[in-house]
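Data file: protein.csv. Format and content: CSV, C-alpha atoms and all ligand atoms.
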```csv
chain,number,residue,atom,x,y,z
Y,1,MET,CA,-13.1,-13.2,-2.7
Y,2,VAL,CA,-11.6,-9.7,-3.2
Y,3,VAL,CA,-12.8,-7.3,-0.6
Y,4,GLU,CA,-13.1,-3.8,-2.2
Y,5,ARG,CA,-11.9,-0.8,-0.3
Y,6,ASN,CA,-14.3,1.9,-1.4
Y,7,LEU,CA,-13.3,5.2,0.2
Y,8,PRO,CA,-13.2,8.6,-1.3
Y,9,PRO,CA,-9.6,9.4,-2.6
Y,10,ILE,CA,-8.6,11.8,0.1
Y,11,ASP,CA,-9.8,9.4,2.8
Y,12,GLU,CA,-7.8,6.6,1.1
Y,13,LEU,CA,-4.7,8.8,0.9
Y,14,VAL,CA,-4.9,9.6,4.6
Y,15,LEU,CA,-5.7,6.0,5.5
Y,16,THR,CA,-2.6,4.8,3.6
Y,17,ILE,CA,-0.4,7.4,5.3
Y,18,LEU,CA,-1.8,6.1,8.6
Y,19,SER,CA,-0.9,2.5,7.5
Y,20,GLN,CA,2.8,3.1,7.3
Y,21,ASN,CA,4.7,0.9,9.7
Y,22,THR,CA,1.7,-0.4,11.6
Y,23,SER,CA,-1.0,-3.1,11.5
Y,24,ASN,CA,-4.4,-2.7,9.8
Y,25,VAL,CA,-6.1,-2.6,13.2
Y,26,ASN,CA,-4.0,0.4,14.3
Y,27,MET,CA,-4.4,2.1,10.9
Y,28,TYR,CA,-8.2,1.9,11.2
Y,29,ARG,CA,-8.0,3.1,14.9
Y,30,GLY,CA,-6.2,6.2,13.8
Y,31,TYR,CA,-8.5,6.8,10.8
Y,32,HIS,CA,-11.7,6.4,12.9
Y,33,ALA,CA,-10.3,8.7,15.6
Y,34,LEU,CA,-9.7,11.4,13.0
Y,35,LYS,CA,-13.2,11.0,11.5
Y,36,GLU,CA,-14.7,11.3,15.0
Y,37,ALA,CA,-12.6,14.3,16.0
Y,38,TYR,CA,-13.0,16.3,12.8
Y,39,ASP,CA,-16.0,16.9,10.5
Y,40,THR,CA,-13.9,17.6,7.4
Y,41,TRP,CA,-10.4,17.2,6.1
Y,42,GLU,CA,-10.2,21.0,6.0
Y,43,GLU,CA,-10.5,20.9,9.8
Y,44,VAL,CA,-7.7,18.4,10.0
Y,45,LEU,CA,-5.6,20.7,7.9
Y,46,GLU,CA,-6.3,23.7,10.0
Y,47,ALA,CA,-5.9,22.0,13.4
Y,48,PRO,CA,-2.7,22.3,15.4
Y,49,GLN,CA,-0.3,19.5,14.4
Y,50,SER,CA,0.1,18.4,18.0
Y,51,GLU,CA,-3.7,17.9,18.3
Y,52,VAL,CA,-3.8,15.9,15.1
Y,53,ALA,CA,-0.9,13.8,16.3
Y,54,ASP,CA,-2.6,13.1,19.7
Y,55,THR,CA,-5.8,12.1,17.9
Y,56,ILE,CA,-4.0,9.5,15.8
Y,57,ARG,CA,-1.7,8.3,18.6
Y,58,SER,CA,-3.0,4.7,18.3
Y,59,SER,CA,-1.7,4.4,14.8
Y,60,GLY,CA,1.9,4.6,15.8
Y,61,PHE,CA,4.6,7.1,14.6
Y,62,PHE,CA,1.8,9.6,15.2
Y,63,ARG,CA,3.9,12.7,15.0
Y,64,ILE,CA,5.5,12.0,11.7
Y,65,LYS,CA,2.1,10.8,10.3
Y,66,ALA,CA,0.4,14.0,11.5
Y,67,GLU,CA,3.0,16.0,9.8
Y,68,ARG,CA,2.7,14.0,6.5
Y,69,ILE,CA,-1.1,14.2,6.5
Y,70,GLN,CA,-1.2,17.9,7.0
Y,71,ALA,CA,1.6,18.5,4.5
Y,72,SER,CA,0.0,16.5,1.8
Y,73,LEU,CA,-3.4,18.0,2.4
Y,74,GLY,CA,-1.9,21.5,2.4
Y,75,GLU,CA,-0.1,20.8,-0.9
Y,76,ILE,CA,-3.2,19.5,-2.5
Y,77,LYS,CA,-5.2,22.5,-1.4
Y,78,GLN,CA,-2.5,24.8,-2.7
Y,79,ARG,CA,-2.3,23.1,-6.1
Y,80,VAL,CA,-6.0,22.5,-6.9
Y,81,GLY,CA,-7.7,25.1,-4.6
Y,82,GLY,CA,-9.5,22.5,-2.5
Y,83,LEU,CA,-9.2,19.1,-0.9
Y,84,ASP,CA,-10.1,17.1,-4.0
Y,85,ILE,CA,-7.9,14.9,-6.1
Y,86,GLY,CA,-10.4,14.0,-8.7
Y,87,LEU,CA,-8.1,15.5,-11.4
Y,88,LEU,CA,-6.1,12.3,-11.2
Y,89,ASP,CA,-8.9,10.5,-13.0
Y,90,HIS,CA,-8.0,12.4,-16.1
Y,91,MET,CA,-4.3,11.6,-16.0
Y,92,ASP,CA,-2.7,8.5,-17.4
Y,93,ARG,CA,-1.1,6.2,-14.8
Y,94,ASP,CA,2.4,7.6,-15.0
Y,95,GLU,CA,1.4,11.2,-14.8
Y,96,ALA,CA,-0.9,10.4,-11.9
Y,97,LEU,CA,1.9,8.6,-10.1
Y,98,ASP,CA,4.2,11.5,-10.6
Y,99,TRP,CA,1.6,13.9,-9.3
Y,100,LEU,CA,0.9,12.0,-6.1
Y,101,THR,CA,4.5,11.1,-5.3
Y,102,SER,CA,5.5,14.7,-5.6
Y,103,LEU,CA,3.4,15.3,-2.5
Y,104,HIS,CA,5.4,15.4,0.8
Y,105,GLY,CA,5.2,12.0,2.5
Y,106,VAL,CA,3.6,10.2,-0.4
Y,107,GLY,CA,5.8,7.4,-1.8
Y,108,PRO,CA,5.2,4.9,-4.6
Y,109,LYS,CA,3.3,2.4,-2.5
Y,110,THR,CA,0.9,5.0,-1.1
Y,111,ALA,CA,0.3,6.6,-4.5
Y,112,SER,CA,-0.3,3.2,-6.1
Y,113,ILE,CA,-2.9,2.3,-3.5
Y,114,VAL,CA,-4.8,5.5,-4.1
Y,115,LEU,CA,-4.6,5.1,-7.8
Y,116,LEU,CA,-5.6,1.4,-7.8
Y,117,PHE,CA,-8.3,1.5,-5.2
Y,118,CYS,CA,-9.9,4.8,-6.0
Y,119,PHE,CA,-9.3,5.4,-9.7
Y,120,GLY,CA,-8.9,1.8,-11.0
Y,121,LYS,CA,-5.5,2.6,-12.6
Y,122,PRO,CA,-3.2,-0.4,-13.2
Y,123,THR,CA,-0.6,0.3,-10.5
Y,124,LEU,CA,0.8,-2.4,-8.2
Y,125,PRO,CA,1.4,-1.3,-4.6
Y,126,VAL,CA,4.5,-3.2,-3.6
Y,127,ASP,CA,4.2,-3.6,0.2
Y,128,THR,CA,6.3,-5.9,2.2
Y,129,HIS,CA,4.1,-8.9,1.4
Y,130,VAL,CA,3.9,-8.4,-2.3
Y,131,TRP,CA,7.7,-7.9,-2.4
Y,132,ARG,CA,8.5,-11.0,-0.3
Y,133,VAL,CA,6.1,-13.4,-2.1
Y,134,THR,CA,7.0,-12.3,-5.6
Y,135,LYS,CA,10.7,-12.7,-4.8
Y,136,ARG,CA,10.2,-16.2,-3.3
Y,137,LEU,CA,8.1,-17.2,-6.3
Y,138,GLY,CA,10.9,-16.0,-8.6
Y,139,LEU,CA,8.8,-13.4,-10.4
Y,140,ILE,CA,11.6,-10.9,-9.5
Y,141,SER,CA,15.2,-11.7,-8.5
Y,142,HIS,CA,16.0,-11.8,-4.8
Y,143,ASN,CA,18.1,-8.6,-4.9
Y,144,THR,CA,15.3,-6.4,-6.5
Y,145,SER,CA,14.5,-3.4,-4.5
Y,146,ARG,CA,10.9,-2.5,-3.7
Y,147,GLU,CA,11.1,0.5,-6.1
Y,148,GLN,CA,12.5,-1.7,-8.9
Y,149,ALA,CA,9.9,-4.3,-8.2
Y,150,GLN,CA,6.9,-2.2,-9.1
Y,151,PRO,CA,7.6,-1.6,-12.8
Y,152,LEU,CA,9.0,-5.1,-13.3
Y,153,LEU,CA,5.9,-6.7,-11.9
Y,154,GLU,CA,3.5,-4.3,-13.7
Y,155,GLU,CA,5.2,-5.3,-17.0
Y,156,ILE,CA,4.4,-9.0,-16.6
Y,157,ILE,CA,1.0,-8.8,-14.9
Y,158,PRO,CA,-2.0,-8.3,-17.2
Y,159,GLU,CA,-3.6,-4.9,-16.2
Y,160,ASN,CA,-7.0,-6.5,-15.5
Y,161,CYS,CA,-5.4,-8.8,-12.9
Y,162,ILE,CA,-3.5,-6.2,-10.9
Y,163,TYR,CA,-6.3,-5.4,-8.4
Y,164,SER,CA,-7.1,-9.0,-7.5
Y,165,LEU,CA,-3.5,-10.2,-7.6
Y,166,ASN,CA,-2.5,-7.4,-5.2
Y,167,HIS,CA,-5.2,-8.5,-2.8
Y,168,ASN,CA,-4.3,-12.1,-3.1
Y,169,LEU,CA,-0.5,-11.6,-2.7
Y,170,VAL,CA,-1.1,-9.5,0.4
Y,171,LYS,CA,-3.4,-12.2,1.9
Y,172,HIS,CA,-1.0,-15.0,0.9
Y,173,GLY,CA,1.9,-13.2,2.5
Y,174,ARG,CA,0.0,-12.5,5.7
Y,175,GLU,CA,-1.5,-16.0,6.1
Y,176,ILE,CA,0.8,-18.5,4.3
Y,177,CYS,CA,4.0,-17.1,3.0
Y,178,LYS,CA,5.0,-15.4,6.2
Y,179,ALA,CA,8.3,-13.7,6.6
Y,180,ARG,CA,9.9,-15.9,9.2
Y,181,SER,CA,8.2,-19.3,8.7
Y,182,PRO,CA,6.4,-19.7,5.3
Y,183,LYS,CA,3.9,-22.5,5.5
Y,184,CYS,CA,5.2,-24.3,2.4
Y,185,ASP,CA,3.7,-27.6,3.5
Y,186,ILE,CA,0.2,-26.3,2.9
Y,187,CYS,CA,0.9,-23.8,0.0
Y,188,PHE,CA,-0.7,-24.5,-3.3
Y,189,LEU,CA,2.1,-22.6,-5.1
Y,190,ARG,CA,4.8,-25.0,-4.2
Y,191,SER,CA,5.2,-26.5,-7.6
Y,192,ILE,CA,6.0,-23.1,-9.2
Y,193,CYS,CA,7.9,-21.5,-6.3
Y,194,ASP,CA,11.7,-20.9,-6.6
Y,195,TYR,CA,12.2,-20.7,-2.9
Y,196,TYR,CA,10.5,-24.0,-2.3
Y,197,LYS,CA,12.4,-25.7,-5.0
Y,198,LYS,CA,15.7,-24.4,-3.7
Y,199,THR,CA,15.2,-24.9,0.0
Y,200,LYS,CA,12.4,-27.2,0.9
Y,201,ARG,CA,11.7,-29.7,-1.8
Y,202,PRO,CA,12.5,-33.2,-0.4
Y,203,GLU,CA,14.8,-34.3,-3.2
Y,204,SER,CA,16.8,-31.1,-2.9
Y,205,SER,CA,17.6,-31.8,0.7
Y,206,SER,CA,18.5,-35.5,0.3
K,301,LIG,S1,5.9,-22.5,-1.4
K,301,LIG,FE1,6.5,-21.5,0.5
K,301,LIG,S2,7.9,-19.8,-0.1
K,301,LIG,FE2,6.7,-20.5,-1.9
K,301,LIG,S3,5.0,-19.1,-2.0
K,301,LIG,FE3,4.3,-20.9,-0.9
K,301,LIG,S4,4.7,-20.4,1.3
K,301,LIG,FE4,5.8,-19.0,0.0
```
Translate this structure into structure tokens?
Ligand code: SF4
Amino acid sequence: MVVERNLPPIDELVLTILSQNTSNVNMYRGYHALKEAYDTWEEVLEAPQSEVADTIRSSGFFRIKAERIQASLGEIKQRVGGLDIGLLDHMDRDEALDWLTSLHGVGPKTASIVLLFCFGKPTLPVDTHVWRVTKRLGLISHNTSREQAQPLLEEIIPENCIYSLNHNLVKHGREICKARSPKCDICFLRSICDYYKKTKRPESSS
């Protein structure tokens, strides 16, 4: 089952910035702390940066995240006159990606998450799980960078599958195809997996 994340776009943007280099648990701790401390994103923007950083301490890398959150909110306000990124809905995927990634602290993964989850645009956020699993499966070559992976994968994945595939790749990477010890013995993708064929299939090791 695909669990939908159904936040307003600015909330999703802030949440995704908070997710950088931390666990989901800590990401949500930082997000809920912000929502409890401030009534609006305007207040977050106007607050002293050290205060915002203190509020999101539990999310890790809190100083740099506070700086990125305030910088991106500030740029949005400057460009559109308010904290609303609904204009992305009227842009095509590439234009919307360019708009978001031109904000300070917003990279392709963060932008893709906002566009996929909030606007239903067919962008594939390539996080560490998507990157690792698709490389092991052989959908992209082992030396493909994360930045290169996104357009390559988007080219071969039908647009209407991107949302569910993203969810399933992340879940598979977290639970089965783990970075250090992939659980190939119980993986249903063994028969189509390059990594398994090359390194674990019984006949290849005999
Ligand atoms: S067979 Fe192993 S390496 Fe391949 S996708 Fe499954 S867990 Fe990952």
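Comparing Y:Val133, Y:Cys118, Y:Ile157, Y:Val44 by their smallest distance to ligand LIG 301 (chain K), the closest is Y:Val133 (using only C-alpha atoms and all ligand atoms).
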All residues within 12 Å of ligand LIG 301 (chain K) are required, counting only C-alpha atoms and all ligand atoms; please report them as a PyMOL selection string. chain Y and resi 129-139+168-201
Atom CA of Y:Asp92 to atom CA of Y:Gln148 measures 20.2 Å
Taken to one decimal, the atom CA of Y:Ile10-atom CA of Y:His104 distance is 14.5 Å
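Every protein or nucleic acid residue with an atom no more than 8 Å from Y:Leu34, counting all atoms listed in the file and leaving out same-chain residues fewer than 4 positions away, appears here: Gly30, Tyr38, Val44, Val52, Thr55 and Ile56 of chain Y.
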Proximity check stretch 96-187 of chain Y to stretch 81-87 of chain Y, 10 Å, nearest pairs one decimal Å, all atoms listed in the file, as CSV:
```
residue,atom,partner,partner_atom,distance
Y:Ala96,CA,Y:Leu87,CA,8.8
Y:Leu100,CA,Y:Ile85,CA,9.3
Y:Cys118,CA,Y:Gly86,CA,9.6
Y:Phe119,CA,Y:Gly86,CA,8.7
```
Which of these residues is nearest to Y:Glu75, using only C-alpha atoms: Y:Thr101, Y:Asn160, Y:Thr128, Y:Ser145? Y:Thr101
Spatial neighbours of Y:Asn21, max dist 9 Å, only C-alpha atoms, sep filter under 2 positions, as a PyMOL selection string: chain Y and resi 18-19+23+59-61
Using Å and a single decimal, report how far atom CA of Y:Glu147 sits from atom CA of Y:Glu67. 23.6 Å
Take stretch 148-170 of chain Y, bring it up to N, CA and C atoms, and give me the output as a short mmCIF file (atom, residue, chain, number, x, y, z; two decimals), in the frame of the given file.
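File result_28.cif, as written:
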```cif
data_model
loop_
_atom_site.label_atom_id
_atom_site.label_comp_id
_atom_site.auth_asym_id
_atom_site.auth_seq_id
_atom_site.Cartn_x
_atom_site.Cartn_y
_atom_site.Cartn_z
N GLN Y 148 12.29 -0.98 -7.57
CA GLN Y 148 12.50 -1.70 -8.90
C GLN Y 148 11.40 -2.67 -9.14
N ALA Y 149 10.86 -3.25 -8.07
CA ALA Y 149 9.90 -4.30 -8.20
C ALA Y 149 8.61 -3.85 -8.92
N GLN Y 150 8.17 -2.66 -8.58
CA GLN Y 150 6.90 -2.20 -9.10
C GLN Y 150 6.80 -2.22 -10.64
N PRO Y 151 7.71 -1.52 -11.34
CA PRO Y 151 7.60 -1.60 -12.80
C PRO Y 151 7.85 -2.93 -13.40
N LEU Y 152 8.73 -3.71 -12.77
CA LEU Y 152 9.00 -5.10 -13.30
C LEU Y 152 7.78 -5.94 -13.23
N LEU Y 153 7.08 -5.86 -12.10
CA LEU Y 153 5.90 -6.70 -11.90
C LEU Y 153 4.74 -6.18 -12.81
N GLU Y 154 4.62 -4.86 -12.90
CA GLU Y 154 3.50 -4.30 -13.70
C GLU Y 154 3.72 -4.71 -15.20
N GLU Y 155 4.96 -4.94 -15.60
CA GLU Y 155 5.20 -5.30 -17.00
C GLU Y 155 4.73 -6.74 -17.27
N ILE Y 156 4.78 -7.62 -16.28
CA ILE Y 156 4.40 -9.00 -16.60
C ILE Y 156 3.02 -9.40 -16.10
N ILE Y 157 2.35 -8.51 -15.37
CA ILE Y 157 1.00 -8.80 -14.90
C ILE Y 157 -0.03 -8.15 -15.79
N PRO Y 158 -0.97 -8.91 -16.35
CA PRO Y 158 -2.00 -8.30 -17.20
C PRO Y 158 -2.75 -7.20 -16.35
N GLU Y 159 -3.03 -6.06 -16.98
CA GLU Y 159 -3.60 -4.90 -16.20
C GLU Y 159 -4.90 -5.31 -15.51
N ASN Y 160 -5.71 -6.17 -16.15
CA ASN Y 160 -7.00 -6.50 -15.50
C ASN Y 160 -6.86 -7.45 -14.34
N CYS Y 161 -5.64 -7.90 -14.08
CA CYS Y 161 -5.40 -8.80 -12.90
C CYS Y 161 -4.78 -8.12 -11.75
N ILE Y 162 -4.33 -6.88 -11.94
CA ILE Y 162 -3.50 -6.20 -10.90
C ILE Y 162 -4.29 -6.10 -9.58
N TYR Y 163 -5.55 -5.68 -9.67
CA TYR Y 163 -6.30 -5.40 -8.40
C TYR Y 163 -6.46 -6.73 -7.62
N SER Y 164 -6.92 -7.78 -8.28
CA SER Y 164 -7.10 -9.00 -7.50
C SER Y 164 -5.82 -9.68 -7.13
N LEU Y 165 -4.82 -9.57 -7.98
CA LEU Y 165 -3.50 -10.20 -7.60
C LEU Y 165 -2.92 -9.46 -6.42
N ASN Y 166 -3.03 -8.16 -6.40
CA ASN Y 166 -2.50 -7.40 -5.20
C ASN Y 166 -3.18 -7.91 -3.96
N HIS Y 167 -4.48 -8.01 -4.00
CA HIS Y 167 -5.20 -8.50 -2.80
C HIS Y 167 -4.76 -9.88 -2.42
N ASN Y 168 -4.63 -10.77 -3.42
CA ASN Y 168 -4.30 -12.10 -3.10
C ASN Y 168 -2.85 -12.31 -2.63
N LEU Y 169 -1.93 -11.51 -3.19
CA LEU Y 169 -0.50 -11.60 -2.70
C LEU Y 169 -0.41 -11.12 -1.29
N VAL Y 170 -1.11 -10.05 -0.96
CA VAL Y 170 -1.10 -9.50 0.40
C VAL Y 170 -1.64 -10.58 1.38
#
```
